[in-house]
Amino acid sequence: MPPTSLPTAGFDPVTPTPDPARLPTDAAGSTHLLQLGGLPPAAVRRLLERTRRVHTLMGETASLPLSGPAQAPAGLRGLLKGRVVANLFFEDSTRTRVSFSVAARGLGAKVIDLTSVGSSVSKGESVADTAANVAAMGADALVIRHRASGACHLVARTLAALRPGRHFPAGRRCAVINAGDGRHEHPTQGLLDTYTLAEAHGRLDGFDLSGLTVAIVGDVAASRVARSDIAAMTALGARVVCVGPPSLVPASLGALGCALSNDLDAVLPDADAVNVLRIQFERREPPAGATHTPGPAAVVSLGEYARLYALDADRLRTMKPGAIVMHPGPINRGVEITPEAADSPRSVVLRQVAHGVLVRMAVACECLGVSDF
């Protein structure tokens, strides 16, 4: 199926609540996390504060088994008991899908995992129809990953239009959580990146990121992670600089509220964090009529790109004390980052992964109306 782009403007199915710290809800009262862009800073901070409370309850040595909540601390165990969370992943994923499953099971929810392979989507059914059918079966939350920008907004709008008592039992609500849609956003990744940044720099108390500079390096144009990072980090006061060649960091990105640079070596000494992105070859379509698969059309050569923009041992030495290295994964070692940088003491990559479970537990509780912690 070729990549498509659904418009995200002009059909937002949710409306802001009177409380700026709360996520928007739809006409049926369902709470969704569709994007971080446009959320008030108080709403972003609330999700991060809930994450910090989950972190405190979990502790540093606690872990959740993949199969259920047996090891979850008492303050979290059973918070979603009786709830059903459906992971609808129509695009490849490892970290995001597994961490959503671990988070939901850790809270006591039943989890349904559905991919495009083996589902009715492979027969031509739309993602909106698939989501509506799963919701009608009793799902309380739909976690959706899709290659089309705006797919999660479309699902939320579809669910909001269904009639209680006819399409759903009266009073039933279904939350939609965006697990990454095309080039639009990946809000829970943005939250976990922001939480990791705050932790590394001692900003967990209040999440005030003022005075911090974050460099996002690489294929920003195709990155939904970058858009969510920019939204969350700038909302909390950080300065974000996007770095890469003009083909990957076009001038239009300045509208997101970030600075732009084509010179990584000039930016590194001032950065408190460097978030390295891979080149997303799969999001770059071949020219019309071409029969070859998408390739690195946005860069002249991978070798030249690595020379100018890869984070390596030499560049690590130019970073200020305390600056951290981040990467949302998957890592293409030797292209955007070398093993020396990916595995260095500055790297918080696996810390980001661990925080993903905490963030997704907090988001699930927020969207499903759990206020017990």
# chains A, B, ... in the order shown; residues from 1 in each chain; ligands from 1
$ closest_atom_pairs --of "range 184-266 of chain A" --to "range 358-372 of chain A" --cutoff "8 Å" --atoms "only C-alpha atoms" --output "tab-separated table"
residue	atom	partner	partner_atom	distance
A:Thr188	CA	A:Val359	CA	6.7
A:Leu191	CA	A:Val359	CA	6.9
A:Leu192	CA	A:Val359	CA	6.0
$ residues_around --residues "Ala103 in chain A" --least-positions-apart "6" --cutoff "12 Å" --atoms "only C-alpha atoms" --output "ChimeraX atom specification"
/A:51,54,58,63-69,72,76-80,85,87,95-97,109-111,143,354-365
$ atom_distance --atom1 "CA of His186 in chain A" --atom2 "CA of Ala313 in chain A"
29.4 Å
$ select_by_dssp --residues "range 12-109 of chain A" --states "helix (DSSP H, G or I)" --output "short mmCIF file (atom, residue, chain, number, x, y, z; two decimals) with C-alpha atoms, in the first residue's frame"
data_model
loop_
_atom_site.label_atom_id
_atom_site.label_comp_id
_atom_site.auth_asym_id
_atom_site.auth_seq_id
_atom_site.Cartn_x
_atom_site.Cartn_y
_atom_site.Cartn_z
CA PRO A 41 2.27 23.44 28.67
CA ALA A 42 0.17 22.49 31.71
CA ALA A 43 -1.21 19.42 29.90
CA VAL A 44 2.28 18.28 28.85
CA ARG A 45 3.56 18.85 32.38
CA ARG A 46 0.65 16.90 33.88
CA LEU A 47 1.47 13.82 31.78
CA LEU A 48 5.12 14.06 32.77
CA GLU A 49 4.22 14.46 36.45
CA ARG A 50 2.06 11.34 36.24
CA THR A 51 5.03 9.58 34.66
CA ARG A 52 7.20 10.67 37.58
CA ARG A 53 4.68 9.21 40.04
CA VAL A 54 4.69 5.92 38.12
CA HIS A 55 8.49 6.02 38.21
CA THR A 56 8.48 6.57 41.96
CA LEU A 57 6.10 3.66 42.52
CA MET A 58 8.06 1.39 40.20
CA ARG A 95 9.84 -0.71 21.15
CA THR A 96 6.53 1.13 20.93
CA ARG A 97 4.28 -1.90 20.52
CA VAL A 98 5.99 -3.97 23.20
CA SER A 99 6.10 -1.13 25.71
CA PHE A 100 2.40 -0.31 25.24
CA SER A 101 1.61 -3.99 25.84
CA VAL A 102 3.87 -4.20 28.90
CA ALA A 103 2.41 -0.97 30.29
CA ALA A 104 -1.23 -2.04 29.85
CA ARG A 105 -0.67 -5.54 31.25
CA GLY A 106 1.25 -4.08 34.17
#
$ closest_residue --among "A:Asn332, A:Ser30, A:Thr194, A:Ser126" --to "Ala235 in chain A" --atoms "only C-alpha atoms"
A:Thr194
$ residues_around --residues "Gly38 in chain A" --least-positions-apart "2" --cutoff "10 Å" --atoms "only C-alpha atoms" --output "list in words"
Gln35, Leu36, Pro40, Pro41, Ala231, Ala232 and Ala235 of chain A
$ select_by_dssp --residues "range 133-373 of chain A" --states "strand (DSSP E or B)" --output "PyMOL selection string"
chain A and resi 141-146+149+164+168+175-181+185+213-217+239-243+259-261+273-276+311+324-326+333+337+347
$ write_last_selection --atoms "N, CA and C atoms" --output "compact mmCIF listing (two decimals), in the first residue's frame"
# COMPACT_ATOMS: atom_id res chain seq x y z
N ALA A 141 -9.63 1.40 24.90
CA ALA A 141 -8.61 2.28 24.31
C ALA A 141 -8.05 1.63 23.06
N LEU A 142 -7.81 2.45 22.05
CA LEU A 142 -7.18 2.00 20.82
C LEU A 142 -5.83 2.71 20.70
N VAL A 143 -4.77 1.93 20.66
CA VAL A 143 -3.42 2.47 20.45
C VAL A 143 -3.09 2.22 18.99
N ILE A 144 -2.91 3.29 18.22
CA ILE A 144 -2.85 3.15 16.76
C ILE A 144 -1.53 3.66 16.20
N ARG A 145 -0.90 2.82 15.40
CA ARG A 145 0.25 3.24 14.59
C ARG A 145 -0.12 3.02 13.13
N HIS A 146 0.14 4.05 12.31
CA HIS A 146 -0.24 3.97 10.89
C HIS A 146 0.71 4.83 10.08
N SER A 149 -0.29 10.14 7.84
CA SER A 149 -0.44 11.26 8.76
C SER A 149 -1.92 11.59 8.94
N PRO A 164 -24.41 6.66 20.73
CA PRO A 164 -24.62 5.82 21.93
C PRO A 164 -26.01 5.18 21.89
N PHE A 168 -22.99 1.89 20.03
CA PHE A 168 -22.31 1.53 21.26
C PHE A 168 -23.34 1.41 22.36
N ALA A 175 -10.95 5.61 24.16
CA ALA A 175 -9.86 6.55 23.95
C ALA A 175 -9.03 6.14 22.74
N VAL A 176 -8.45 7.13 22.08
CA VAL A 176 -7.53 6.90 20.97
C VAL A 176 -6.17 7.47 21.37
N ILE A 177 -5.14 6.65 21.28
CA ILE A 177 -3.78 7.06 21.62
C ILE A 177 -2.91 6.88 20.38
N ASN A 178 -2.29 7.95 19.96
CA ASN A 178 -1.46 7.95 18.76
C ASN A 178 -0.10 7.33 19.08
N ALA A 179 0.21 6.21 18.43
CA ALA A 179 1.51 5.55 18.59
C ALA A 179 2.42 5.83 17.40
N GLY A 180 2.12 6.88 16.66
CA GLY A 180 2.92 7.27 15.50
C GLY A 180 2.11 7.22 14.23
N ASP A 181 1.90 8.38 13.60
CA ASP A 181 1.13 8.42 12.35
C ASP A 181 1.90 9.19 11.29
N GLU A 185 3.07 12.96 14.06
CA GLU A 185 3.57 12.99 15.43
C GLU A 185 3.68 11.60 16.02
N THR A 213 19.47 23.49 25.79
CA THR A 213 19.47 23.46 24.33
C THR A 213 19.52 22.01 23.87
N VAL A 214 18.60 21.65 23.00
CA VAL A 214 18.51 20.30 22.47
C VAL A 214 18.76 20.35 20.97
N ALA A 215 19.74 19.58 20.51
CA ALA A 215 19.99 19.46 19.07
C ALA A 215 19.34 18.18 18.57
N ILE A 216 18.48 18.31 17.56
CA ILE A 216 17.88 17.15 16.90
C ILE A 216 18.55 17.04 15.54
N VAL A 217 19.27 15.94 15.32
CA VAL A 217 20.16 15.82 14.18
C VAL A 217 19.68 14.71 13.24
N ARG A 239 15.28 25.27 24.27
CA ARG A 239 15.59 25.73 22.91
C ARG A 239 15.95 24.51 22.09
N VAL A 240 15.29 24.32 20.96
CA VAL A 240 15.53 23.17 20.09
C VAL A 240 16.14 23.65 18.79
N VAL A 241 17.26 23.02 18.40
CA VAL A 241 17.92 23.32 17.13
C VAL A 241 17.91 22.06 16.28
N CYS A 242 17.33 22.13 15.10
CA CYS A 242 17.31 21.00 14.17
C CYS A 242 18.50 21.14 13.23
N VAL A 243 19.26 20.04 13.09
CA VAL A 243 20.53 20.09 12.36
C VAL A 243 20.56 19.02 11.28
N ALA A 259 15.00 26.37 16.02
CA ALA A 259 16.05 26.96 15.20
C ALA A 259 16.58 25.91 14.25
N LEU A 260 17.25 26.35 13.17
CA LEU A 260 17.76 25.44 12.15
C LEU A 260 19.24 25.69 11.91
N SER A 261 19.97 24.61 11.62
CA SER A 261 21.38 24.74 11.29
C SER A 261 21.79 23.62 10.35
N ALA A 273 21.74 18.24 25.06
CA ALA A 273 21.32 16.92 24.62
C ALA A 273 21.36 16.89 23.10
N VAL A 274 21.76 15.75 22.55
CA VAL A 274 21.75 15.55 21.11
C VAL A 274 20.89 14.34 20.82
N ASN A 275 19.78 14.57 20.14
CA ASN A 275 18.87 13.48 19.77
C ASN A 275 19.12 13.16 18.31
N VAL A 276 19.67 11.98 18.06
CA VAL A 276 20.10 11.59 16.72
C VAL A 276 18.99 10.79 16.04
N LEU A 311 27.25 11.26 14.61
CA LEU A 311 27.82 11.49 15.94
C LEU A 311 28.82 10.39 16.21
N ILE A 324 24.00 14.86 26.99
CA ILE A 324 23.61 13.46 26.77
C ILE A 324 23.36 13.17 25.30
N VAL A 325 23.45 11.89 24.95
CA VAL A 325 23.17 11.40 23.61
C VAL A 325 21.88 10.59 23.64
N MET A 326 20.95 10.93 22.76
CA MET A 326 19.66 10.26 22.67
C MET A 326 19.45 9.72 21.27
N ARG A 333 23.77 1.90 12.97
CA ARG A 333 25.15 2.16 13.38
C ARG A 333 26.04 2.36 12.16
N ILE A 337 25.15 7.45 13.62
CA ILE A 337 25.85 7.37 14.89
C ILE A 337 26.78 6.16 14.87
N SER A 347 25.39 8.14 26.55
CA SER A 347 24.19 7.62 25.91
C SER A 347 23.11 7.27 26.93
$ closest_residue --among "A:Asp140, A:Pro269, A:Ala200, A:Leu39" --to "Ala21 in chain A" --atoms "only C-alpha atoms"
A:Leu39
$ atom_distance --atom1 "CA of Ala271 in chain A" --atom2 "CA of Ser223 in chain A"
20.0 Å
$ closest_residue --among "A:Ala221, A:His32, A:Asp19, A:Met233" --to "Val155 in chain A" --atoms "only C-alpha atoms"
A:His32
